[in-house]
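Undergrad: Dropping a structure here in structure tokens format, bear with me for questions.
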Amino acid sequence: MGQQHQPMSLGKIVKKLTIGYVMQGHQRGYNFTTSTHGYADTVLKTIWRQVMPRGQGWSDYIGARSLKCFELPDGEIALAEITVTDQQDENGRRGIRQAVVEVMPVQTFSHHLKFRILGYPSDTFAFANTAYEILKNVRIKKNAPLILAYDYKNPRFWWGMELLILKLVDNPPRHLRRLPFPISFTTLTLDHLGETTIIGMPATKAAQISDATVITL
């Protein structure tokens, strides 16, 4: 999916933060790499704790992208785009990730979500639309996460799962409508523990889950 540009009216009220891996200086490791001025400490702490998808083994997913959405203490919404970079840390470990976090009001997020869905290539809609129809008839336990598993082949292939999850949030099936908008989600994670309400997982990782229900697509 190519780079998207927000409508001017949305861009003015969307704030951005970036978290990356710093290799130099006295604060090496993951840090905010853009100014945090104007953000409450509680907001920054929530973003820091929640933004990165869970799990080990990200070095097997170089180039992959995950979208993650969650509510902030001040009522605004964080939508993060996390990329698995080809960067290595000082010990040669790979799988380092970078997160670009957009912070916005709920109403803005609703428009942003619809705009983003329209930006996907037409070939990704076949899988997303078919899977969406299947999930309309699937019951999930109350307060249980909706764990969706699918074969991971390459970053672009995963856009189908990404689009499916965005469609579920934009127009929730009946069994998800009891949840407040927006439903928190992570489009690619390697572990379900401590994650959001709707998550997408590679089938090989989801196969290791024994304490939750997994829907394999």
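Numbering starts fresh at 1 for the residues of each chain in the structure tokens, the chains themselves are lettered A, B, ... in the order given, and ligands are numbered from 1 as they appear.
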Write down as a PyMOL selection string the residues belonging to stretch 115-173 of chain A that are assigned strand (DSSP E) by DSSP computed on the backbone.
TA: chain A and resi 146-150
Undergrad: So which one's closest to A:Phe181, A:Ile13, A:Cys69, A:Ala206, A:Met23? Using only C-alpha atoms, please.
TA: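 Among the listed residues, A:Cys69 lies closest to A:Phe181.
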Undergrad: Taking only C-alpha atoms into account, name the residue in A:Asn137, A:Ser110, A:Gln56, A:Thr186 that is nearest to A:Ile82.
TA: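 When distances to A:Ile82 are compared using only C-alpha atoms, the smallest one comes from A:Thr186.
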Undergrad: Using only C-alpha atoms, pick whichever of A:Thr33, A:His192, A:Gly57, A:Arg28 has the shortest atom-to-atom distance to A:Thr213.
TA: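 Nearest candidate to A:Thr213 out of A:Thr33, A:His192, A:Gly57, A:Arg28: A:His192.
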Undergrad: Please return as a ChimeraX atom specification: the residues of chain A that backbone DSSP assigns to helix (DSSP H, G or I).
TA: /A:8-11,41-50,58-61,106-117,122-135,159-170,174-176,203-206
Undergrad: Restricting the calculation to only C-alpha atoms: of A:Asp191, A:Leu217, A:Gly95, A:Lys15, which residue gets closest to A:Arg54?
TA: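 Once distances to A:Arg54 are computed over only C-alpha atoms, the minimum belongs to A:Asp191.
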Undergrad: Calculate how many Å separate atom CA of A:Ile147 from atom CA of A:Ile62, rounding to one decimal.
TA: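 Taking atom CA of A:Ile147 as the start and atom CA of A:Ile62 as the end point, the length is 22.3 Å.
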Undergrad: Show which residues sit within 9 Å of A:Glu162, as a count of residues only. Count only C-alpha atoms, and ignore same-chain residues fewer than 5 positions away.
TA: 8
Undergrad: Go through A:Pro121, A:Gly63, A:Pro182, A:Gly160 and flag the residue nearest A:Thr108, using only C-alpha atoms for the distances.
TA: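 Checking each of A:Pro121, A:Gly63, A:Pro182, A:Gly160 against A:Thr108, counting only C-alpha atoms, the winner is A:Pro182.
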Undergrad: Between A:His175, A:Lys45, A:Lys205, A:Lys16, which residue has the minimum interatomic distance to A:Met104, considering only C-alpha atoms?
TA: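 Residue with the minimum atom-to-atom distance to A:Met104: A:Lys16.
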